[in-house]
>>> print(open('input_25.tsv').read())   # TSV, C-alpha atoms and all ligand atoms
chain	number	residue	atom	x	y	z
A	860	MET	CA	101.98	-54.04	87.87
A	861	TYR	CA	98.38	-53.44	89.05
A	862	LEU	CA	95.50	-54.86	87.00
A	863	SER	CA	94.18	-51.29	86.58
A	864	GLU	CA	97.36	-50.44	84.66
A	865	TYR	CA	96.78	-52.98	81.89
A	866	ASP	CA	95.63	-51.58	78.57
A	867	ILE	CA	92.14	-52.93	77.87
A	868	THR	CA	91.12	-50.35	75.31
A	869	ASN	CA	90.83	-52.79	72.38
A	870	PRO	CA	89.19	-55.99	73.60
A	871	VAL	CA	88.49	-58.72	71.07
A	872	THR	CA	85.51	-61.03	71.25
A	873	ALA	CA	86.83	-64.58	71.01
A	874	THR	CA	84.65	-67.69	70.84
A	875	LEU	CA	85.11	-70.59	73.20
A	876	VAL	CA	85.57	-73.64	70.99
A	877	ALA	CA	86.40	-76.29	73.59
A	878	SER	CA	86.31	-76.69	77.35
A	879	GLU	CA	87.71	-79.85	78.88
A	880	ARG	CA	88.00	-80.63	82.54
A	881	ILE	CA	91.58	-81.82	83.12
A	882	THR	CA	91.18	-82.90	86.73
A	883	PRO	CA	88.96	-85.96	87.25
A	884	LEU	CA	85.23	-85.42	87.79
A	885	ASN	CA	85.32	-86.96	91.23
A	886	TRP	CA	88.19	-84.70	92.25
A	887	GLU	CA	87.37	-81.61	94.32
A	888	ALA	CA	89.56	-79.13	92.37
A	889	GLU	CA	88.20	-78.26	88.96
A	890	VAL	CA	90.76	-77.16	86.41
A	891	ARG	CA	89.71	-76.78	82.77
A	892	HIS	CA	91.62	-76.53	79.52
A	893	LEU	CA	89.84	-73.93	77.38
A	894	VAL	CA	90.45	-73.33	73.68
A	895	LEU	CA	89.47	-69.94	72.27
A	896	GLN	CA	89.15	-68.88	68.66
A	897	LEU	CA	89.81	-65.29	67.63
A	898	PRO	CA	87.70	-63.65	64.94
A	899	GLN	CA	89.15	-63.36	61.43
A	900	GLY	CA	91.62	-60.48	61.15
A	901	ALA	CA	91.99	-60.02	64.92
A	902	GLU	CA	95.50	-58.95	65.83
A	903	LEU	CA	96.50	-60.71	68.99
A	904	ASP	CA	100.00	-62.03	68.23
A	905	PHE	CA	101.43	-63.71	71.26
A	906	VAL	CA	104.49	-65.70	72.19
A	907	GLU	CA	104.94	-68.43	74.77
A	908	GLY	CA	105.08	-67.10	78.35
A	909	GLN	CA	102.60	-64.28	77.77
A	910	SER	CA	99.20	-63.94	79.42
A	911	ILE	CA	95.83	-62.99	78.08
A	912	GLY	CA	93.31	-60.74	79.80
A	913	VAL	CA	89.70	-61.92	80.21
A	914	LEU	CA	86.95	-59.37	80.82
A	915	ALA	CA	84.21	-61.20	82.67
A	916	PRO	CA	80.72	-59.91	81.79
A	917	GLY	CA	78.97	-57.65	84.31
A	918	PRO	CA	77.22	-56.27	86.20
A	919	HIS	CA	80.12	-56.10	88.64
A	920	ALA	CA	80.19	-55.67	92.39
A	921	PHE	CA	81.17	-52.38	94.03
A	922	GLY	CA	80.29	-50.40	90.87
A	923	ASN	CA	83.40	-51.65	89.09
A	924	LYS	CA	83.31	-51.07	85.35
A	925	HIS	CA	85.37	-54.15	84.44
A	926	HIS	CA	86.45	-57.40	85.95
A	927	LEU	CA	89.80	-58.12	84.30
A	928	ARG	CA	91.77	-61.24	85.18
A	929	LEU	CA	94.91	-62.61	83.55
A	930	TYR	CA	95.52	-66.19	82.38
A	931	SER	CA	98.77	-67.65	81.08
A	932	ILE	CA	98.55	-68.78	77.49
A	933	ALA	CA	99.07	-72.55	77.36
A	934	SER	CA	99.57	-72.77	73.57
A	935	SER	CA	102.59	-71.94	71.49
A	936	ARG	CA	102.61	-68.98	69.09
A	937	LYS	CA	101.26	-71.02	66.17
A	938	GLY	CA	98.01	-71.57	68.02
A	939	GLU	CA	96.44	-74.48	69.87
A	940	ALA	CA	97.44	-77.70	68.05
A	941	GLY	CA	98.95	-75.45	65.35
A	942	LYS	CA	95.54	-73.97	64.48
A	943	GLU	CA	95.86	-70.35	63.43
A	944	ASN	CA	93.99	-67.73	65.47
A	945	THR	CA	93.42	-70.04	68.43
A	946	PHE	CA	94.97	-70.24	71.88
A	947	SER	CA	94.34	-72.14	75.08
A	948	ILE	CA	94.31	-71.29	78.77
A	949	CYS	CA	94.18	-73.50	81.84
A	950	VAL	CA	91.76	-72.23	84.48
A	951	ARG	CA	91.20	-73.28	88.06
A	952	ARG	CA	87.69	-72.63	89.34
A	953	CYS	CA	88.26	-70.37	92.36
A	954	PHE	CA	86.20	-69.65	95.44
A	955	TYR	CA	86.82	-67.25	98.24
A	956	LEU	CA	85.59	-67.06	101.78
A	957	ASP	CA	84.01	-63.82	102.97
A	958	GLU	CA	85.64	-63.35	106.35
A	959	ILE	CA	82.70	-61.38	107.74
A	960	SER	CA	79.75	-63.55	106.67
A	961	GLY	CA	81.78	-66.79	106.53
A	962	GLU	CA	80.11	-67.55	103.21
A	963	GLN	CA	81.87	-68.96	100.20
A	964	TYR	CA	81.66	-66.94	96.98
A	965	PRO	CA	82.64	-67.98	93.49
A	966	GLY	CA	85.56	-66.10	91.87
A	967	VAL	CA	84.04	-64.04	89.07
A	968	ALA	CA	86.28	-64.62	86.02
A	969	SER	CA	87.32	-68.20	86.76
A	970	ASN	CA	83.68	-69.29	87.28
A	971	PHE	CA	82.56	-67.42	84.18
A	972	LEU	CA	85.25	-69.25	82.18
A	973	CYS	CA	84.65	-72.66	83.74
A	974	ASP	CA	80.87	-72.35	83.18
A	975	ALA	CA	81.21	-71.12	79.57
A	976	ARG	CA	80.25	-73.61	76.88
A	977	PRO	CA	81.52	-74.00	73.30
A	978	GLY	CA	80.06	-71.23	71.16
A	979	ASP	CA	80.00	-68.67	74.00
A	980	PRO	CA	81.72	-65.30	73.47
A	981	VAL	CA	84.66	-64.32	75.69
A	982	GLN	CA	86.10	-60.80	75.68
A	983	VAL	CA	89.88	-60.93	75.70
A	984	THR	CA	92.64	-58.32	75.86
A	985	GLY	CA	96.40	-58.36	75.59
A	986	PRO	CA	98.63	-60.26	75.21
A	987	TYR	CA	100.66	-59.07	78.19
A	988	GLY	CA	104.12	-59.80	79.59
A	989	ALA	CA	107.38	-59.91	77.73
A	990	HIS	CA	110.13	-61.10	80.02
A	991	PHE	CA	109.07	-64.73	80.53
A	992	SER	CA	110.14	-66.10	77.18
A	993	VAL	CA	111.97	-68.97	75.47
A	994	PRO	CA	115.66	-68.13	74.84
A	995	ALA	CA	116.62	-67.57	71.21
A	996	ASP	CA	119.64	-69.91	71.29
A	997	ASP	CA	118.61	-73.57	71.07
A	998	THR	CA	121.70	-74.69	73.02
A	999	SER	CA	120.35	-72.82	76.10
A	1000	ASN	CA	119.32	-74.82	79.15
A	1001	MET	CA	115.92	-74.21	80.70
A	1002	LEU	CA	115.08	-74.87	84.34
A	1003	MET	CA	111.30	-74.64	84.70
A	1004	VAL	CA	109.75	-74.69	88.16
A	1005	GLY	CA	106.00	-74.51	88.69
A	1006	VAL	CA	102.99	-75.41	90.79
A	1007	GLY	CA	99.37	-75.99	89.69
A	1008	THR	CA	98.22	-73.85	86.76
A	1009	GLY	CA	101.83	-72.56	86.63
A	1010	ILE	CA	102.32	-75.45	84.20
A	1011	ALA	CA	100.49	-73.48	81.45
A	1012	PRO	CA	103.44	-71.41	80.15
A	1013	PHE	CA	105.70	-74.48	80.29
A	1014	ARG	CA	103.27	-76.45	78.14
A	1015	ALA	CA	103.62	-73.62	75.61
A	1016	PHE	CA	107.44	-73.57	75.93
A	1017	VAL	CA	107.81	-77.32	75.48
A	1018	ARG	CA	105.45	-77.39	72.55
A	1019	HIS	CA	107.31	-74.52	70.88
A	1020	ILE	CA	110.84	-75.83	71.31
A	1021	TYR	CA	110.14	-79.47	70.41
A	1022	GLU	CA	107.24	-79.29	67.96
A	1023	GLU	CA	107.76	-75.96	66.21
A	1024	ARG	CA	111.47	-75.24	66.44
A	1025	GLY	CA	112.73	-78.82	66.75
A	1026	GLY	CA	116.31	-79.94	67.47
A	1027	TRP	CA	116.56	-78.23	70.88
A	1028	ARG	CA	120.04	-79.08	72.17
A	1029	GLY	CA	120.13	-77.49	75.65
A	1030	LYS	CA	118.96	-79.32	78.78
A	1031	VAL	CA	115.32	-78.78	79.70
A	1032	ARG	CA	114.26	-79.70	83.25
A	1033	LEU	CA	110.73	-79.34	84.61
A	1034	PHE	CA	110.14	-79.45	88.37
A	1035	TYR	CA	106.42	-79.47	88.94
A	1036	GLY	CA	104.35	-79.63	92.11
A	1037	ALA	CA	100.67	-80.39	92.64
A	1038	LYS	CA	98.37	-81.27	95.49
A	1039	SER	CA	98.00	-84.84	94.26
A	1040	GLY	CA	98.75	-87.04	91.26
A	1041	MET	CA	95.31	-86.09	89.92
A	1042	GLU	CA	96.26	-82.42	89.91
A	1043	LEU	CA	99.43	-82.93	87.90
A	1044	LEU	CA	97.86	-80.93	85.09
A	1045	TYR	CA	98.42	-82.27	81.57
A	1046	ARG	CA	100.33	-85.08	83.24
A	1047	ASN	CA	97.74	-87.10	85.18
A	1048	GLU	CA	96.05	-90.42	84.43
A	1049	HIS	CA	93.15	-88.56	82.89
A	1050	ASN	CA	95.07	-86.20	80.63
A	1051	LYS	CA	98.58	-86.90	79.39
A	1052	ASP	CA	98.68	-84.04	76.93
A	1053	MET	CA	102.18	-82.82	77.78
A	1054	ALA	CA	103.74	-86.23	77.25
A	1055	LEU	CA	102.94	-85.81	73.55
A	1056	TYR	CA	105.57	-83.12	73.09
A	1057	TYR	CA	108.63	-83.94	75.09
A	1058	ASP	CA	109.76	-87.34	73.92
A	1059	ASP	CA	113.22	-85.92	73.49
A	1060	ALA	CA	116.66	-86.75	74.87
A	1061	SER	CA	117.13	-83.23	76.27
A	1062	PHE	CA	113.94	-83.20	78.38
A	1063	ARG	CA	113.31	-84.53	81.89
A	1064	ALA	CA	110.40	-83.89	84.22
A	1065	PHE	CA	110.26	-84.38	88.00
A	1066	GLU	CA	107.08	-84.21	90.02
A	1067	ALA	CA	106.15	-83.58	93.65
A	1068	VAL	CA	102.75	-84.01	95.24
A	1069	SER	CA	101.52	-82.86	98.63
A	1070	PRO	CA	102.38	-85.22	101.52
A	1071	ARG	CA	98.89	-84.63	103.00
A	1072	PRO	CA	96.57	-83.35	100.27
A	1073	ALA	CA	93.50	-83.58	102.52
A	1074	PHE	CA	95.03	-81.00	104.88
A	1075	ASP	CA	95.93	-78.59	102.10
A	1076	HIS	CA	99.64	-79.08	102.65
A	1077	PRO	CA	101.62	-77.65	99.74
A	1078	PRO	CA	103.46	-80.07	97.45
A	1079	ALA	CA	106.95	-81.05	98.54
A	1080	LEU	CA	108.54	-79.18	95.66
A	1081	ASP	CA	111.44	-77.99	97.83
A	1082	ASN	CA	112.37	-81.60	98.72
A	1083	LEU	CA	112.17	-82.59	95.08
A	1084	LEU	CA	114.51	-79.74	94.13
A	1085	LEU	CA	116.90	-80.72	96.93
A	1086	GLN	CA	117.02	-84.28	95.64
A	1087	HIS	CA	118.42	-82.85	92.40
A	1088	ARG	CA	120.60	-80.18	93.98
A	1089	GLU	CA	123.79	-81.09	92.11
A	1090	GLU	CA	122.29	-80.92	88.68
A	1091	ILE	CA	120.36	-77.74	89.59
A	1092	TRP	CA	123.47	-75.94	90.86
A	1093	GLU	CA	125.45	-77.04	87.82
A	1094	MET	CA	122.71	-75.55	85.67
A	1095	VAL	CA	122.60	-72.32	87.71
A	1096	ASP	CA	126.38	-72.00	87.26
A	1097	ASP	CA	126.15	-72.49	83.51
A	1098	PRO	CA	125.78	-69.13	81.72
A	1099	LYS	CA	123.60	-70.88	79.16
A	1100	THR	CA	120.87	-71.65	81.73
A	1101	TYR	CA	117.60	-69.71	82.00
A	1102	ILE	CA	115.39	-70.17	85.06
A	1103	PHE	CA	111.60	-69.77	85.07
A	1104	VAL	CA	109.33	-69.97	88.12
A	1105	ALA	CA	105.54	-69.96	87.63
A	1106	GLY	CA	102.29	-70.34	89.52
A	1107	LEU	CA	100.97	-69.36	92.91
A	1108	GLU	CA	103.12	-67.64	95.51
A	1109	ASN	CA	103.90	-71.06	97.09
A	1110	ALA	CA	105.82	-72.08	93.95
A	1111	LYS	CA	108.23	-69.22	94.54
A	1112	ALA	CA	108.38	-69.81	98.31
A	1113	LYS	CA	109.25	-73.49	97.82
A	1114	PHE	CA	111.78	-72.70	95.11
A	1115	ASP	CA	113.46	-70.05	97.27
A	1116	LYS	CA	113.53	-72.39	100.27
A	1117	ALA	CA	115.32	-75.07	98.26
A	1118	MET	CA	117.69	-72.60	96.59
A	1119	ILE	CA	118.69	-71.06	99.94
A	1120	ALA	CA	119.66	-74.55	101.12
A	1121	ILE	CA	121.48	-75.32	97.87
A	1122	ALA	CA	123.30	-71.95	97.75
A	1123	GLY	CA	124.29	-72.25	101.43
A	1124	SER	CA	122.52	-69.17	102.82
A	1125	GLU	CA	119.73	-66.72	102.11
A	1126	GLN	CA	122.24	-64.01	101.23
A	1127	ALA	CA	124.11	-66.32	98.85
A	1128	TRP	CA	120.90	-67.16	96.99
A	1129	GLN	CA	119.76	-63.51	96.94
A	1130	ASN	CA	123.08	-62.45	95.42
A	1131	ARG	CA	123.04	-65.25	92.89
A	1132	ARG	CA	119.46	-64.52	91.89
A	1133	ALA	CA	120.27	-60.82	91.49
A	1134	ASP	CA	123.13	-61.76	89.11
A	1135	LEU	CA	120.83	-64.11	87.18
A	1136	GLN	CA	118.19	-61.40	86.94
A	1137	ALA	CA	120.72	-58.80	85.82
A	1138	SER	CA	121.84	-61.10	83.00
A	1139	GLY	CA	118.22	-61.83	81.97
A	1140	ARG	CA	118.48	-65.47	83.02
A	1141	TYR	CA	115.79	-65.51	85.74
A	1142	ALA	CA	112.10	-64.76	85.35
A	1143	GLU	CA	109.01	-65.25	87.54
A	1144	LEU	CA	105.33	-65.42	86.70
A	1145	ILE	CA	103.77	-65.45	90.14
A	1146	TYR	CA	100.15	-64.73	91.07
B	1201	LIG	C1	100.09	-63.08	85.22
B	1201	LIG	C2	98.99	-63.95	85.77
B	1201	LIG	C3	98.74	-65.17	85.19
B	1201	LIG	C4	97.73	-65.99	85.69
B	1201	LIG	N1	97.52	-67.21	85.10
B	1201	LIG	C5	96.54	-68.00	85.57
B	1201	LIG	C6	96.31	-69.28	84.96
B	1201	LIG	O1	97.00	-69.69	84.01
B	1201	LIG	N2	95.29	-70.04	85.45
B	1201	LIG	C7	94.51	-69.63	86.52
B	1201	LIG	O2	93.60	-70.39	86.91
B	1201	LIG	N3	94.73	-68.43	87.12
B	1201	LIG	C8	95.71	-67.61	86.67
B	1201	LIG	N4	95.89	-66.39	87.26
B	1201	LIG	C9	94.98	-65.97	88.34
B	1201	LIG	C10	93.72	-65.32	87.72
B	1201	LIG	O3	94.09	-64.12	87.06
B	1201	LIG	C11	92.64	-64.94	88.73
B	1201	LIG	O4	93.21	-64.21	89.77
B	1201	LIG	C12	91.87	-66.14	89.31
B	1201	LIG	O5	91.26	-66.90	88.26
B	1201	LIG	C13	90.75	-65.64	90.25
B	1201	LIG	O6	89.97	-64.69	89.57
B	1201	LIG	P1	88.37	-64.64	89.75
B	1201	LIG	O7	87.85	-63.48	88.98
B	1201	LIG	O8	87.77	-65.98	89.48
B	1201	LIG	O9	88.21	-64.41	91.29
B	1201	LIG	P2	87.88	-63.03	92.02
B	1201	LIG	O10	86.44	-62.75	91.89
B	1201	LIG	O11	88.86	-62.00	91.63
B	1201	LIG	O12	88.24	-63.49	93.48
B	1201	LIG	C14	89.54	-64.02	93.71
B	1201	LIG	C15	90.16	-63.51	94.96
B	1201	LIG	O13	89.86	-62.16	95.14
B	1201	LIG	C16	89.57	-61.92	96.48
B	1201	LIG	N5	88.20	-61.33	96.55
B	1201	LIG	C17	87.52	-60.88	95.47
B	1201	LIG	N6	86.36	-60.36	95.85
B	1201	LIG	C18	86.30	-60.45	97.19
B	1201	LIG	C19	85.34	-60.09	98.16
B	1201	LIG	N7	84.18	-59.53	97.82
B	1201	LIG	N8	85.59	-60.36	99.47
B	1201	LIG	C20	86.73	-60.97	99.80
B	1201	LIG	N9	87.68	-61.34	98.94
B	1201	LIG	C21	87.47	-61.09	97.63
B	1201	LIG	C22	89.70	-63.20	97.21
B	1201	LIG	O14	90.96	-63.20	97.87
B	1201	LIG	C23	89.68	-64.24	96.16
B	1201	LIG	O15	90.53	-65.33	96.44
B	1201	LIG	C24	96.93	-65.56	86.78
B	1201	LIG	C25	97.19	-64.32	87.37
B	1201	LIG	C26	98.20	-63.51	86.87
B	1201	LIG	C27	98.44	-62.18	87.51
>>> encode(input="input_25.tsv", output="structure tokens")
Amino acid sequence: MYLSEYDITNPVTATLVASERITPLNWEAEVRHLVLQLPQGAELDFVEGQSIGVLAPGPHAFGNKHHLRLYSIASSRKGEAGKENTFSICVRRCFYLDEISGEQYPGVASNFLCDARPGDPVQVTGPYGAHFSVPADDTSNMLMVGVGTGIAPFRAFVRHIYEERGGWRGKVRLFYGAKSGMELLYRNEHNKDMALYYDDASFRAFEAVSPRPAFDHPPALDNLLLQHREEIWEMVDDPKTYIFVAGLENAKAKFDKAMIAIAGSEQAWQNRRADLQASGRYAELIY
């Protein structure tokens, strides 16, 4: 779906209540955990796996009326830390290179959000997205695969199933890739937020970092998945397993690469994925 197709007719003005950098200060990539508070009476009911729209303030380039960007909600439906009418997002400060001038420009929405300070207004729309959601049956297995800020919906999932629902009986496996240990969001030395929720017998997390972070090599997520190929295939074969892939395009590319090897051929994985999709057991949130 194109961004221009999203309904932004009823934006709500939220207030930024907290902004915390969750990659170390001396680390080049800046990723921030932002908590937003909705005004009293605002109707913005969301569930885990949905995204929120942010309308960055203008004026905008090329005469555009709006600058809408989507961010995965990192809180569970009861709000950030259970606080009603709040939600969090996890934002990477982006830059892009103008190929003609060779100059580096800041991404509009991500820089607006990363520069915003507590008390600042933020226009939000949505929530959007319905297919990327926690299964209703608590004996379901969940295979969660993500890279970078793709961790955000999984933070919401884990918080919901262990903190809010409780007694989750299915297997939950997180395979997560980042450029370095410092970019293992919510799971690095600086911020261990996610560890607070999944102290549970059914949960296991596996992490991959880039072999050469200085050269921008992607994390070795495919190798990590291959190391666990037996358990992964067993899960794929189990009709109670739901598979979620989230983050940048390279999360999907690495996942597909590993699954082609595990399934035996590209065709075998394509067929299997089509079956999983048809039965509502496979969902992607790729950007
Ligand atoms: C469903 C969904 C969920 C998402 N969740 C998250 C999330 O949880 N966290 C997160 O950090 N991001 C997330 N994103 C990505 C996010 O929506 C934005 O795309 C990202 O923050 C960059 O937006 P921006 O406005 O800062 O950059 P923009 O100003 O849009 O620039 C970003 C890109 O646009 C291109 N571009 C724009 N203008 C120009 C120009 N003048 N010349 C050349 N190239 C240009 C460049 O390729 C550049 O890399 C998600 C995206 C989707 C679709």
>>> atom_distance(input="input_25.tsv", atom1="CA of Ile911 in chain A", atom2="CA of Thr998 in chain A")
28.8 Å
>>> residues_near_ligand(input="input_25.tsv", ligand="ligand LIG 1201 (chain B)", cutoff="7 Å", atoms="only C-alpha atoms and all ligand atoms", output="CSV table (one decimal) with C-alpha atoms, in the coordinates of the input")
chain,number,residue,atom,x,y,z
A,910,SER,CA,99.2,-63.9,79.4
A,926,HIS,CA,86.4,-57.4,86.0
A,928,ARG,CA,91.8,-61.2,85.2
A,929,LEU,CA,94.9,-62.6,83.6
A,930,TYR,CA,95.5,-66.2,82.4
A,931,SER,CA,98.8,-67.6,81.1
A,932,ILE,CA,98.6,-68.8,77.5
A,948,ILE,CA,94.3,-71.3,78.8
A,949,CYS,CA,94.2,-73.5,81.8
A,950,VAL,CA,91.8,-72.2,84.5
A,951,ARG,CA,91.2,-73.3,88.1
A,952,ARG,CA,87.7,-72.6,89.3
A,953,CYS,CA,88.3,-70.4,92.4
A,954,PHE,CA,86.2,-69.6,95.4
A,955,TYR,CA,86.8,-67.2,98.2
A,956,LEU,CA,85.6,-67.1,101.8
A,957,ASP,CA,84.0,-63.8,103.0
A,965,PRO,CA,82.6,-68.0,93.5
A,966,GLY,CA,85.6,-66.1,91.9
A,967,VAL,CA,84.0,-64.0,89.1
A,968,ALA,CA,86.3,-64.6,86.0
A,969,SER,CA,87.3,-68.2,86.8
A,970,ASN,CA,83.7,-69.3,87.3
A,1008,THR,CA,98.2,-73.8,86.8
A,1009,GLY,CA,101.8,-72.6,86.6
A,1011,ALA,CA,100.5,-73.5,81.4
A,1144,LEU,CA,105.3,-65.4,86.7
A,1145,ILE,CA,103.8,-65.4,90.1
A,1146,TYR,CA,100.2,-64.7,91.1
>>> atom_distance(input="input_25.tsv", atom1="CA of Leu914 in chain A", atom2="CA of Ser992 in chain A")
24.4 Å
>>> atom_distance(input="input_25.tsv", atom1="CA of His919 in chain A", atom2="CA of Val894 in chain A")
25.0 Å
>>> closest_residue(input="input_25.tsv", among="A:Leu1002, A:Leu1083, A:Leu1043, A:Met860", to="Ser1061 in chain A", atoms="only C-alpha atoms")
A:Leu1002
>>> closest_atom_pairs(input="input_25.tsv", of="range 977-1029 of chain A", to="range 898-902 of chain A", cutoff="12 Å", atoms="only C-alpha atoms", output="tab-separated table")
residue	atom	partner	partner_atom	distance
A:Pro980	CA	A:Pro898	CA	10.5
A:Val981	CA	A:Pro898	CA	11.2
A:Gln982	CA	A:Pro898	CA	11.2
A:Val983	CA	A:Ala901	CA	11.0
A:Thr984	CA	A:Glu902	CA	10.4
A:Gly985	CA	A:Glu902	CA	9.8
A:Pro986	CA	A:Glu902	CA	10.0
>>> closest_residue(input="input_25.tsv", among="A:Glu1108, A:Asp1081, A:Glu939, A:Asp1097", to="Phe1065 in chain A", atoms="all atoms listed in the file")
A:Asp1081
>>> residues_around(input="input_25.tsv", residues="Gln896 in chain A", least_positions_apart="5", cutoff="6 Å", atoms="all atoms listed in the file", output="ChimeraX atom specification")
/A:873-874,944-945
